[in-house]
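Each remark here refers to the structure printed beneath this line.
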Amino acid sequence: MKKAVFSDLDGTLLKDNHRFSKLTKKTVNSVQKKGIPFVVTTGRLANDAIRQARKLKVHKYNGYVLANNGASAYSFKTNSFLWMMIFTTAEIKTLFQFTYQKYKVHFFSNNSTYVYEYGENSYYWSKIMRTKYKVITKPEEIIEDITHASVITHQSLDDNAAGVLIQELRQLLPQLDITQYNNRVFEIACKGISKGSALQFLSHHIGIDISQTYSFGDSYNDLELIRQAGVGIAVGNAIDELKAMANEVTLSNREDGPAKYLQQFFLKK
């Protein structure tokens, strides 16, 4: 049966310096030569995710990219998006009014991060992704489609306060999903959108049975990616929750875990 591979980037396929090893690039190319789709599946913004996929020669094989935690799906065959799930203007305004000067918020488009104030970590990632970084003081300054957002409290909340915040966000934004990463970070996405649902949608689109999908991940936004795949594989440096859910655990990103797994189970003669 046809197989497909879906892989997260940071902490999984990329080294800690945010670069692909020679082994990873060679292995991913060999997998694709065998006619097995390799799908970059990342929380990175779409423009950067597409750039990273080109380094893996995904474009050479008319492959696909799942970016923005599954909210954007790009096809190299048509050089266009298969889908892009976005917030409504009203939802952006509602979120802004509820959070401005109260919480940190990152609004993400395919090529920009919009923030209320400069943040060292968010700015660092915008530079890593070579995307735009914009400080805003009103919602009208957001001039691109927003695919997902993060609400970040200034201090860690206790469990009760975190639960209250989640309920408030869900009441304000009933058509969006609110996911708690920890007691400071709360992710917001269009209803039903995750790396896992994107894997399901794209597998159906390209005619791959879900049982024949293999996924690699390391962190909270990979939980559904691992859960929904036929075979979910956690890298050795993954969070404990992901390892507990995964079908298998391979070596860490520092040890080229995904590449060595693919060599053993996809390329070994």
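Ordering of the structure tokens sets the chain letters (A, B, ...); residue numbers start at 1 within each chain; ligands are numbered from 1 in the order shown.
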> Where in range 3-63 of chain A does DSSP assign helix (DSSP H, G or I), given as a VMD selection string?
Replying inline: chain A and resid 9 to 13 22 to 33 46 to 55 59 to 61
> Using only C-alpha atoms, which residues sit within 8 Å of Leu223 in chain A once same-chain residues fewer than 4 positions away are excluded, as a PyMOL selection string?
Replying inline: chain A and resi 196+217+219+227+241-242+245
Dump N, CA and C atoms for the selected residues as an mmCIF file, in the first residue's frame?
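Output file part_36.cif is given in full below:
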```cif
data_model
loop_
_atom_site.group_PDB
_atom_site.id
_atom_site.type_symbol
_atom_site.label_atom_id
_atom_site.label_comp_id
_atom_site.auth_asym_id
_atom_site.auth_seq_id
_atom_site.Cartn_x
_atom_site.Cartn_y
_atom_site.Cartn_z
ATOM 1 N N GLY A 196 -2.907 17.251 13.286
ATOM 2 C CA GLY A 196 -3.534 15.946 13.107
ATOM 3 C C GLY A 196 -4.670 15.962 12.110
ATOM 4 N N GLY A 217 7.260 13.837 15.687
ATOM 5 C CA GLY A 217 7.047 15.083 16.421
ATOM 6 C C GLY A 217 7.763 15.085 17.755
ATOM 7 N N SER A 219 6.650 17.991 20.396
ATOM 8 C CA SER A 219 6.108 18.933 21.378
ATOM 9 C C SER A 219 4.581 18.925 21.412
ATOM 10 N N ARG A 227 -1.212 11.402 17.342
ATOM 11 C CA ARG A 227 -2.441 10.658 17.641
ATOM 12 C C ARG A 227 -3.153 10.185 16.373
ATOM 13 N N GLU A 241 4.453 13.530 27.437
ATOM 14 C CA GLU A 241 3.086 13.263 26.971
ATOM 15 C C GLU A 241 3.083 12.698 25.556
ATOM 16 N N LEU A 242 3.972 13.194 24.721
ATOM 17 C CA LEU A 242 4.050 12.723 23.338
ATOM 18 C C LEU A 242 4.620 11.307 23.278
ATOM 19 N N MET A 245 2.050 8.742 24.162
ATOM 20 C CA MET A 245 1.030 8.553 23.140
ATOM 21 C C MET A 245 1.558 7.850 21.890
#
```
With only C-alpha atoms as the counted atoms, please give the residues lying no more than 10 Å from Ala229 in chain A, apart from itself and same-chain residues fewer than 6 positions off, as a short mmCIF file (atom, residue, chain, number, x, y, z; two decimals) with N, CA and C atoms, in the first residue's frame.
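Final output, saved to result.cif:
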```cif
data_model
loop_
_atom_site.label_atom_id
_atom_site.label_comp_id
_atom_site.auth_asym_id
_atom_site.auth_seq_id
_atom_site.Cartn_x
_atom_site.Cartn_y
_atom_site.Cartn_z
N ALA A 4 2.89 7.54 3.33
CA ALA A 4 3.25 8.95 3.36
C ALA A 4 3.87 9.27 4.71
N VAL A 5 4.83 10.21 4.71
CA VAL A 5 5.52 10.61 5.93
C VAL A 5 5.22 12.07 6.21
N PHE A 6 4.88 12.37 7.46
CA PHE A 6 4.61 13.74 7.90
C PHE A 6 5.58 14.04 9.03
N GLY A 196 -2.91 17.25 13.29
CA GLY A 196 -3.53 15.95 13.11
C GLY A 196 -4.67 15.96 12.11
N SER A 197 -5.54 16.96 12.20
CA SER A 197 -6.65 17.04 11.24
C SER A 197 -6.11 17.33 9.84
N LEU A 199 -3.25 16.31 8.66
CA LEU A 199 -2.76 15.01 8.18
C LEU A 199 -3.91 14.19 7.60
N GLN A 200 -5.02 14.16 8.30
CA GLN A 200 -6.18 13.40 7.82
C GLN A 200 -6.70 13.95 6.49
N SER A 203 -4.10 13.34 3.63
CA SER A 203 -4.02 11.92 3.30
C SER A 203 -5.18 11.53 2.39
N ASP A 209 -4.18 5.76 2.61
CA ASP A 209 -4.95 5.27 3.76
C ASP A 209 -4.29 5.75 5.05
N ILE A 210 -5.10 6.20 5.99
CA ILE A 210 -4.57 6.78 7.22
C ILE A 210 -3.68 5.79 7.97
N SER A 211 -3.94 4.50 7.80
CA SER A 211 -3.12 3.49 8.48
C SER A 211 -1.70 3.44 7.94
N GLN A 212 -1.49 4.02 6.76
CA GLN A 212 -0.18 4.01 6.12
C GLN A 212 0.54 5.35 6.25
N THR A 213 0.12 6.16 7.20
CA THR A 213 0.79 7.44 7.44
C THR A 213 1.71 7.32 8.63
N TYR A 214 2.86 7.94 8.53
CA TYR A 214 3.87 7.93 9.58
C TYR A 214 4.17 9.38 9.95
N SER A 215 4.19 9.68 11.25
CA SER A 215 4.43 11.07 11.65
C SER A 215 5.51 11.13 12.72
N PHE A 216 6.27 12.23 12.69
CA PHE A 216 7.33 12.47 13.67
C PHE A 216 7.05 13.80 14.38
N ALA A 246 2.83 8.02 21.60
CA ALA A 246 3.42 7.54 20.36
C ALA A 246 3.43 6.01 20.27
N ASN A 247 3.38 5.52 19.05
CA ASN A 247 3.54 4.08 18.82
C ASN A 247 4.98 3.65 19.01
#
```
>> Please determine, counting only C-alpha atoms, which residue among A:Leu262, A:Leu165, A:Val39, A:Leu56 has the shortest atom-to-atom distance to Glu187 in chain A.
In response: A:Leu165
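In terms of minimum interatomic distance to Leu23 in chain A, A:Arg254 ranks closest within A:Arg51, A:Arg254, A:His59, A:His204, counting only C-alpha atoms.
Counting only C-alpha atoms, Val31 in chain A has the following residues at most 9 Å away, ignoring those fewer than 2 positions along the same chain: Val5, Lys26, Thr27, Val28, Asn29, Lys33, Lys34, Gly35, Ile36, Pro37, Phe38, Leu262, Gln263, Phe266 and Leu267 of chain A.
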Got time to write the residues from that selection, all heavy atoms, as a short mmCIF file (atom, residue, chain, number, x, y, z; two decimals), in the first residue's frame?
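Final file, part.cif:
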```
data_model
loop_
_atom_site.label_atom_id
_atom_site.label_comp_id
_atom_site.auth_asym_id
_atom_site.auth_seq_id
_atom_site.Cartn_x
_atom_site.Cartn_y
_atom_site.Cartn_z
N VAL A 5 4.83 10.21 4.71
CA VAL A 5 5.52 10.61 5.93
C VAL A 5 5.22 12.07 6.21
O VAL A 5 5.30 12.92 5.32
CB VAL A 5 7.04 10.41 5.79
CG1 VAL A 5 7.76 10.86 7.06
CG2 VAL A 5 7.37 8.95 5.49
N LYS A 26 19.64 13.98 2.62
CA LYS A 26 19.86 12.83 1.73
C LYS A 26 18.77 11.78 1.90
O LYS A 26 18.24 11.23 0.93
CB LYS A 26 21.23 12.23 2.01
CG LYS A 26 21.56 11.01 1.15
CD LYS A 26 22.94 10.45 1.50
CE LYS A 26 23.24 9.20 0.66
NZ LYS A 26 24.57 8.62 1.00
N THR A 27 18.42 11.50 3.16
CA THR A 27 17.42 10.47 3.45
C THR A 27 16.04 10.87 2.96
O THR A 27 15.33 10.06 2.34
CB THR A 27 17.37 10.20 4.97
OG1 THR A 27 18.67 9.79 5.41
CG2 THR A 27 16.37 9.12 5.30
N VAL A 28 15.64 12.12 3.22
CA VAL A 28 14.31 12.57 2.78
C VAL A 28 14.22 12.54 1.26
O VAL A 28 13.20 12.14 0.68
CB VAL A 28 14.01 13.98 3.32
CG1 VAL A 28 12.76 14.56 2.67
CG2 VAL A 28 13.86 13.94 4.84
N ASN A 29 15.29 12.91 0.59
CA ASN A 29 15.30 12.85 -0.88
C ASN A 29 15.15 11.41 -1.36
O ASN A 29 14.40 11.13 -2.30
CB ASN A 29 16.60 13.46 -1.42
CG ASN A 29 16.57 13.61 -2.93
OD1 ASN A 29 15.60 14.11 -3.50
ND2 ASN A 29 17.64 13.18 -3.58
N LYS A 33 12.23 9.76 -3.67
CA LYS A 33 12.57 9.07 -4.92
C LYS A 33 11.81 7.77 -5.06
O LYS A 33 11.53 7.32 -6.17
CB LYS A 33 14.08 8.78 -4.96
CG LYS A 33 14.92 9.91 -5.52
CD LYS A 33 16.38 9.47 -5.64
CE LYS A 33 17.24 10.57 -6.23
NZ LYS A 33 18.67 10.15 -6.31
N LYS A 34 11.49 7.16 -3.93
CA LYS A 34 10.74 5.90 -3.93
C LYS A 34 9.24 6.12 -4.13
O LYS A 34 8.46 5.17 -4.09
CB LYS A 34 10.98 5.15 -2.62
CG LYS A 34 12.41 4.66 -2.45
CD LYS A 34 12.54 3.73 -1.26
CE LYS A 34 11.83 2.41 -1.49
NZ LYS A 34 12.15 1.40 -0.45
N GLY A 35 8.85 7.38 -4.32
CA GLY A 35 7.44 7.69 -4.55
C GLY A 35 6.64 7.86 -3.28
O GLY A 35 5.40 7.86 -3.32
N ILE A 36 7.32 8.01 -2.14
CA ILE A 36 6.64 8.20 -0.86
C ILE A 36 6.59 9.69 -0.55
O ILE A 36 7.63 10.33 -0.40
CB ILE A 36 7.39 7.46 0.26
CG1 ILE A 36 7.45 5.97 -0.04
CG2 ILE A 36 6.72 7.72 1.61
CD1 ILE A 36 8.37 5.20 0.88
N PRO A 37 5.41 10.28 -0.48
CA PRO A 37 5.31 11.71 -0.16
C PRO A 37 5.92 12.02 1.20
O PRO A 37 5.70 11.28 2.16
CB PRO A 37 3.80 11.99 -0.17
CG PRO A 37 3.22 10.90 -1.00
CD PRO A 37 4.08 9.69 -0.74
N PHE A 38 6.68 13.11 1.27
CA PHE A 38 7.22 13.59 2.53
C PHE A 38 6.64 14.98 2.77
O PHE A 38 6.90 15.91 2.00
CB PHE A 38 8.75 13.66 2.50
CG PHE A 38 9.35 13.97 3.84
CD1 PHE A 38 9.74 12.94 4.69
CD2 PHE A 38 9.49 15.28 4.28
CE1 PHE A 38 10.27 13.22 5.94
CE2 PHE A 38 10.02 15.57 5.53
CZ PHE A 38 10.42 14.54 6.37
N LEU A 262 13.77 6.40 9.14
CA LEU A 262 13.38 6.23 7.74
C LEU A 262 14.35 5.32 7.00
O LEU A 262 13.95 4.50 6.16
CB LEU A 262 13.31 7.59 7.05
CG LEU A 262 12.18 8.52 7.52
CD1 LEU A 262 12.34 9.91 6.92
CD2 LEU A 262 10.82 7.94 7.17
N GLN A 263 15.62 5.45 7.30
CA GLN A 263 16.60 4.57 6.67
C GLN A 263 16.34 3.11 7.02
O GLN A 263 16.41 2.23 6.16
CB GLN A 263 18.02 4.96 7.10
CG GLN A 263 18.54 6.23 6.46
CD GLN A 263 20.00 6.46 6.78
OE1 GLN A 263 20.49 6.06 7.84
NE2 GLN A 263 20.72 7.10 5.87
N PHE A 266 12.25 2.35 5.76
CA PHE A 266 11.79 2.74 4.44
C PHE A 266 12.83 2.48 3.34
O PHE A 266 12.45 2.29 2.18
CB PHE A 266 11.40 4.23 4.40
CG PHE A 266 10.09 4.52 5.06
CD1 PHE A 266 9.94 4.43 6.43
CD2 PHE A 266 8.98 4.90 4.31
CE1 PHE A 266 8.74 4.71 7.06
CE2 PHE A 266 7.77 5.18 4.92
CZ PHE A 266 7.64 5.09 6.29
N LEU A 267 14.09 2.49 3.71
CA LEU A 267 15.13 2.41 2.69
C LEU A 267 15.99 1.16 2.76
O LEU A 267 16.72 0.86 1.82
CB LEU A 267 16.05 3.65 2.80
CG LEU A 267 15.36 5.01 2.64
CD1 LEU A 267 16.37 6.12 2.85
CD2 LEU A 267 14.68 5.14 1.28
#
```
>> List as a list of chain:residue names the protein and nucleic acid residues near range 72-76 of chain A, meaning an atom at most 7 Å away when only C-alpha atoms are counted, but skip any in the same chain fewer than 4 places from it.
In response: A:Ala46, A:His59, A:Asn62, A:Gly63, A:Tyr64, A:Val65, A:Leu66, A:Ala67, A:Asn68, A:Ser80, A:Phe81, A:Leu82, A:Trp83, A:Met84, A:Met85
> DSSP on the backbone: what in range 2-32 of chain A comes out strand (DSSP E or B), as JSON, numbers by chain?
Replying inline: {"A": [4, 5, 6, 7]}
>> Neighbouring residues of Asn111 in chain A were defined as those with any atom within 6 Å, considering only C-alpha atoms; residues of the same chain fewer than 3 positions away were excluded. Please report them as a ChimeraX atom specification.
In response: /A:45,47,131
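Those residues that approach range 98-101 of chain A to within 9 Å, counting only C-alpha atoms, are Lys93, Thr94, Val105, Tyr116, Thr137, Lys138, Val151, Leu169 and Leu172 of chain A; same-chain residues fewer than 4 positions away are not listed.
You can rank A:Leu173, A:Leu157, A:Leu14, A:Ile92 by their closest distance to Ile143 in chain A using only C-alpha atoms, and at the top of that list sits A:Ile92.
Counting from CA of His106 in chain A, the distance to CA of Ile146 in chain A is 10.2 Å.
If you look at CA of Thr113 in chain A and CA of Arg54 in chain A, they are 22.2 Å away from each other.
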